[in-house]
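Accompanying notes for the structure given below.
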Amino acid sequence: MTEIPHNQEAEIWVIGGALMHPEEMPQVIGLMDLEDFYTPLNKHIYKILTQLHKEKTPLDAQIVIEELVSQGVHRETAQERMKYIDDTVMTSARFRYYARKLKKMTGLRKILSASYDIYEKAGNSNADLDELKSEAMASIREATDLAGNPRDGVDIREAIVDTLDAVLEKRPLERAVGTGIVSLDAQCGGMFPELIILAGRTRMGKTGFACNLATNAGLIGRKVSFFSLEDSSEVITGRILARLSGVDSKQIRHRKTTFEEDDQIRIAGEKIKELDITIYENRSLTAEQVCNMMRGLEDTDLFIIDHLGQVADKSKHGLFEDTTRACRAFARVASEIHKPVILLSQLNRESEKDRIKGTVREPRLTDLRQSGELEQLARAVWLIHRPWEYDHEGENPHLLKLIIAKNSHGPGGKTDLYCDMATMYIGDEPGTDY
């Protein structure tokens with residue numbers, strides 16, 4: 001028989017913290033639900049505390065004992081439990097720590113309950129597989145949504161103190177991850193904890209740009225999780241090796257490097273060994289599977305998903321609906337984990353032609369409308385365009401236009417970047433003095 005997940009120690013500390021500092025009871029009620037207490041007597045005590053608070057009655061241990069006795073609990077049992085709480089809890093300082101533990105136990109119990117329910121239903125040979133799968137995923141989402149309690153609010157009178165200090169002391173934004181590209185950071189402030197769409201047509205350099213973002217973040221000590229749903233880890237590593245060595249990626253891939261280039265590669269290899277970048281290569285992952293993996297990677301600073309078109313969410317509803325569902329899942333998890341999530345997306349090549357002028361045009365935000373609700377769900381949208389791909393004679397081969405089509409933290413705009421697709425470098429032009 002599987003033991004039901006619970007943590008009596010955490011229950012005791014939450015109750016004890018409320019008794020020690022009754023003024024914090026509103027915060028306790030805002031964070032905790034009755035279902036978070038598994039032990040019957042502790043659940044009984046918490047229910048009494050919430051009722052006393054509602055009635056504006058002092059939260060006193062003796063009053064709790066009398067209430068327990070009046071409701072059928074033996075006096076000796078009530079006294080022993082309250083004495084144990086008083087002897088155990090010496091401070092309320094760890095209240096939030098134990099509250100999170102209880103929330104985790106509640107989630108585990110819900111998962112266990114959902115598992116039993118799905119197990120029973122799966123035993124029915126007439127069960128609808130798609131319906132059962134959706135129900136199972138919904139149960140898991142509900143059980144794992146432990147950090148998004150809408151009642152865990154922040155008092156603006158407290159928040160303004162930290163905000164004023166940060167602004168007046170000119171402290172950098174703690175949760176924004178720099179792109180490593182000075183001109184881009186100056187325009188958009190870096191990568192904020194939200195869903196950022198990086199989109200472009202074929203051959204524009206989306207994966208190469210993502211590899212540069214990952215490399216730049218790694219070089220300043222950030223931890224990066226790179227979900228490569230199309231290319232192997234060897235390909236991604238080879239691109240980063242080219243980026244740091246300055247050696248042509250084709251020469252590296254075909255093993256045709258010179259002795260001098262080999263020395264550059266060795267030096268770059270040592271740098272890569274110091275980067276905290278993990279590559280997850282799996283073409284069969286669904287959006288929900290990727291999101292659940294992301295929830296477990298709590299120490300990651302930046303997530304990159306390459307790319308939306310390879311997410312294995314195929315249903316009878318069609319591409320538009322599948323893409324929208326996947327994007328919703330990524331937007332939701334970005335909000336939950338409060339980390340930057342870069343989602344690469346392919347633009348339809350039909351959007352290339354200017355129907356009036358008959359020429360190739362730059363991508364626009366409206367081009368995303370062919371790919372589900374990306375435009376609405378993303379907090380930022382970056383579109384990349386390389387004119388040289390359409391005009392090898394008249395355009396600069398090293399020009400990459402980054403179009404900030406949507407920016408929730410400021411105005412949009414365009415930034416001209418330098419790109420060398422042979423060595424996979426995309427960024428500020430070498431030698432530029434900022």
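Identifiers for the structure tokens are assigned positionally: chains receive A, B, ... in sequence, residues are indexed from 1 per chain, and ligands are indexed from 1 in the order shown.
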
DSSP strand (DSSP E or B) residues within range 157-301 of chain A, listed as a ChimeraX atom specification: /A:177,191,195-200,224-228,277-281

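Nearest-residue note for Leu368 in chain A: choosing from A:Ala334, A:Leu19, A:Ile197, A:Leu399, the minimum distance belongs to A:Ile197, counting only C-alpha atoms.
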
Test item: residues at most 9 Å from Val333 in chain A, only C-alpha atoms, excluding those fewer than 4 positions along its chain, as a VMD selection string: chain A and resid 194 to 195 291 to 292 294 to 295 328 to 329 337 to 339 341

Store the residues picked out above in a file with N, CA and C atoms, as a CSV table (one decimal), in the first residue's frame.
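Now in part_17.csv:
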chain,number,residue,atom,x,y,z
A,194,GLU,N,9.4,35.9,-19.3
A,194,GLU,CA,8.1,35.9,-20.0
A,194,GLU,C,8.4,35.1,-21.3
A,195,LEU,N,7.3,34.9,-22.0
A,195,LEU,CA,7.4,34.2,-23.3
A,195,LEU,C,7.9,35.2,-24.4
A,291,CYS,N,7.0,21.5,-20.9
A,291,CYS,CA,6.7,22.4,-19.8
A,291,CYS,C,6.9,21.7,-18.4
A,292,ASN,N,6.5,20.5,-18.3
A,292,ASN,CA,6.8,19.7,-17.0
A,292,ASN,C,8.2,19.6,-16.7
A,294,MET,N,10.5,21.7,-17.7
A,294,MET,CA,10.9,23.1,-17.3
A,294,MET,C,10.6,23.4,-15.9
A,295,ARG,N,9.4,22.9,-15.4
A,295,ARG,CA,9.0,23.2,-14.0
A,295,ARG,C,10.0,22.5,-13.0
A,328,ARG,N,0.1,28.4,-25.7
A,328,ARG,CA,-0.6,28.7,-24.4
A,328,ARG,C,0.2,28.0,-23.3
A,329,ALA,N,0.5,26.8,-23.5
A,329,ALA,CA,1.3,26.0,-22.5
A,329,ALA,C,2.6,26.7,-22.2
A,337,ILE,N,7.1,29.8,-13.7
A,337,ILE,CA,8.5,29.7,-13.3
A,337,ILE,C,9.2,31.0,-13.2
A,338,HIS,N,8.6,32.0,-13.8
A,338,HIS,CA,9.2,33.4,-13.8
A,338,HIS,C,10.6,33.4,-14.4
A,339,LYS,N,10.7,32.8,-15.6
A,339,LYS,CA,12.0,32.8,-16.2
A,339,LYS,C,11.8,33.1,-17.7
A,341,VAL,N,11.6,32.6,-21.5
A,341,VAL,CA,11.4,31.4,-22.3
A,341,VAL,C,11.5,31.9,-23.8

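Distance annotation: of A:Met32, A:Ile220, A:Thr423, A:Thr300, the residue with the minimal separation from Arg253 in chain A is A:Thr423; atom set is only C-alpha atoms.
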
At a cut-off of 12 Å, using only C-alpha atoms, what residues contact Tyr46 in chain A? Leave out same-chain residues fewer than 3 positions from it and give the result as a short mmCIF file (atom, residue, chain, number, x, y, z; two decimals) with N, CA and C atoms, in the first residue's frame.
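Result file is selection_6.cif:
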data_model
loop_
_atom_site.label_atom_id
_atom_site.label_comp_id
_atom_site.auth_asym_id
_atom_site.auth_seq_id
_atom_site.Cartn_x
_atom_site.Cartn_y
_atom_site.Cartn_z
N GLU A 11 2.86 20.93 9.10
CA GLU A 11 1.55 21.32 9.61
C GLU A 11 1.68 21.97 10.98
N ILE A 12 2.51 21.37 11.82
CA ILE A 12 2.72 21.88 13.18
C ILE A 12 3.34 23.27 13.14
N TRP A 13 4.33 23.47 12.26
CA TRP A 13 5.02 24.76 12.20
C TRP A 13 4.11 25.87 11.66
N VAL A 14 3.25 25.55 10.72
CA VAL A 14 2.34 26.57 10.20
C VAL A 14 1.34 26.97 11.28
N ILE A 15 0.77 25.99 12.00
CA ILE A 15 -0.18 26.28 13.07
C ILE A 15 0.51 27.06 14.19
N GLY A 16 1.71 26.61 14.57
CA GLY A 16 2.45 27.27 15.64
C GLY A 16 2.81 28.70 15.28
N GLY A 17 3.18 28.93 14.01
CA GLY A 17 3.51 30.28 13.58
C GLY A 17 2.33 31.22 13.68
N ALA A 18 1.14 30.70 13.34
CA ALA A 18 -0.07 31.52 13.43
C ALA A 18 -0.40 31.85 14.88
N LEU A 19 -0.19 30.90 15.79
CA LEU A 19 -0.47 31.14 17.21
C LEU A 19 0.53 32.13 17.81
N MET A 25 -2.19 35.97 10.59
CA MET A 25 -3.24 35.02 10.21
C MET A 25 -3.85 35.33 8.84
N VAL A 28 -1.65 33.72 6.42
CA VAL A 28 -1.76 32.26 6.51
C VAL A 28 -2.98 31.79 5.73
N ILE A 29 -4.11 32.44 5.96
CA ILE A 29 -5.35 32.07 5.28
C ILE A 29 -5.21 32.28 3.77
N MET A 32 -2.87 29.14 2.65
CA MET A 32 -3.21 27.76 2.97
C MET A 32 -4.70 27.48 2.79
N ASP A 33 -4.99 26.26 2.41
CA ASP A 33 -6.35 25.76 2.34
C ASP A 33 -6.50 24.63 3.36
N LEU A 34 -7.72 24.33 3.73
CA LEU A 34 -7.96 23.27 4.69
C LEU A 34 -7.43 21.93 4.18
N GLU A 35 -7.49 21.71 2.87
CA GLU A 35 -7.04 20.45 2.28
C GLU A 35 -5.53 20.27 2.39
N ASP A 36 -4.79 21.36 2.69
CA ASP A 36 -3.34 21.25 2.82
C ASP A 36 -2.93 20.53 4.11
N PHE A 37 -3.86 20.39 5.05
CA PHE A 37 -3.59 19.69 6.31
C PHE A 37 -4.16 18.27 6.21
N TYR A 38 -3.27 17.30 6.26
CA TYR A 38 -3.69 15.90 6.09
C TYR A 38 -4.07 15.25 7.42
N THR A 39 -3.28 15.53 8.48
CA THR A 39 -3.55 14.93 9.80
C THR A 39 -4.87 15.47 10.34
N PRO A 40 -5.83 14.60 10.67
CA PRO A 40 -7.17 15.05 11.08
C PRO A 40 -7.18 16.08 12.20
N LEU A 41 -6.39 15.84 13.26
CA LEU A 41 -6.40 16.75 14.40
C LEU A 41 -5.83 18.12 14.00
N ASN A 42 -4.75 18.13 13.21
CA ASN A 42 -4.17 19.39 12.75
C ASN A 42 -5.14 20.14 11.85
N LYS A 43 -5.84 19.42 11.00
CA LYS A 43 -6.85 20.03 10.14
C LYS A 43 -7.95 20.66 10.98
N LEU A 49 -8.80 27.83 14.04
CA LEU A 49 -8.06 29.09 13.97
C LEU A 49 -8.66 30.04 12.94
N THR A 50 -9.03 29.51 11.79
CA THR A 50 -9.63 30.36 10.76
C THR A 50 -10.98 30.91 11.21
N GLN A 51 -11.74 30.08 11.95
CA GLN A 51 -13.04 30.53 12.45
C GLN A 51 -12.87 31.61 13.52
N LEU A 52 -11.89 31.41 14.42
CA LEU A 52 -11.62 32.40 15.46
C LEU A 52 -11.21 33.74 14.84
N HIS A 53 -10.35 33.65 13.80
CA HIS A 53 -9.91 34.87 13.13
C HIS A 53 -11.09 35.57 12.48
N LEU A 59 -6.41 34.46 19.06
CA LEU A 59 -5.90 33.12 18.76
C LEU A 59 -5.08 32.66 19.96
N ALA A 61 -4.12 29.43 22.68
CA ALA A 61 -4.06 27.97 22.75
C ALA A 61 -5.17 27.39 23.62
N VAL A 64 -8.43 27.36 21.83
CA VAL A 64 -8.43 26.27 20.85
C VAL A 64 -8.74 24.94 21.53
N GLU A 67 -12.39 24.70 22.30
CA GLU A 67 -13.15 24.49 21.08
C GLU A 67 -13.05 23.03 20.63
N LEU A 68 -11.84 22.46 20.73
CA LEU A 68 -11.65 21.06 20.35
C LEU A 68 -12.49 20.14 21.23
N MET A 82 -1.57 20.65 21.69
CA MET A 82 -1.25 22.06 21.80
C MET A 82 0.07 22.26 22.52
#

Residues within 10 Å of Arg203 in chain A, only C-alpha atoms, excluding chain neighbours under 4 positions, as a ChimeraX atom specification: /A:207-208,385-386,389

Which residue of A:Ala217, A:Ala287, A:Leu383, A:Ala136 approaches Ile403 in chain A most closely, using only C-alpha atoms: A:Leu383

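The coordinates place CA of Gly123 in chain A at 26.1 Å from CA of Thr106 in chain A.
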
Residues flagged helix (DSSP H, G or I) by DSSP in range 252-328 of chain A, as a VMD selection string: chain A and resid 252 to 253 259 to 272 287 to 296 308 to 310 319 to 328

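The interatomic distance for the pair CA of Ala10 in chain A and CA of Tyr98 in chain A works out to 4.9 Å.
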
Contacts of Phe227 in chain A within 9 Å, only C-alpha atoms, excl. fewer than 5 positions in-chain, as number ranges by chain: A: 278-282, 290, 303-307
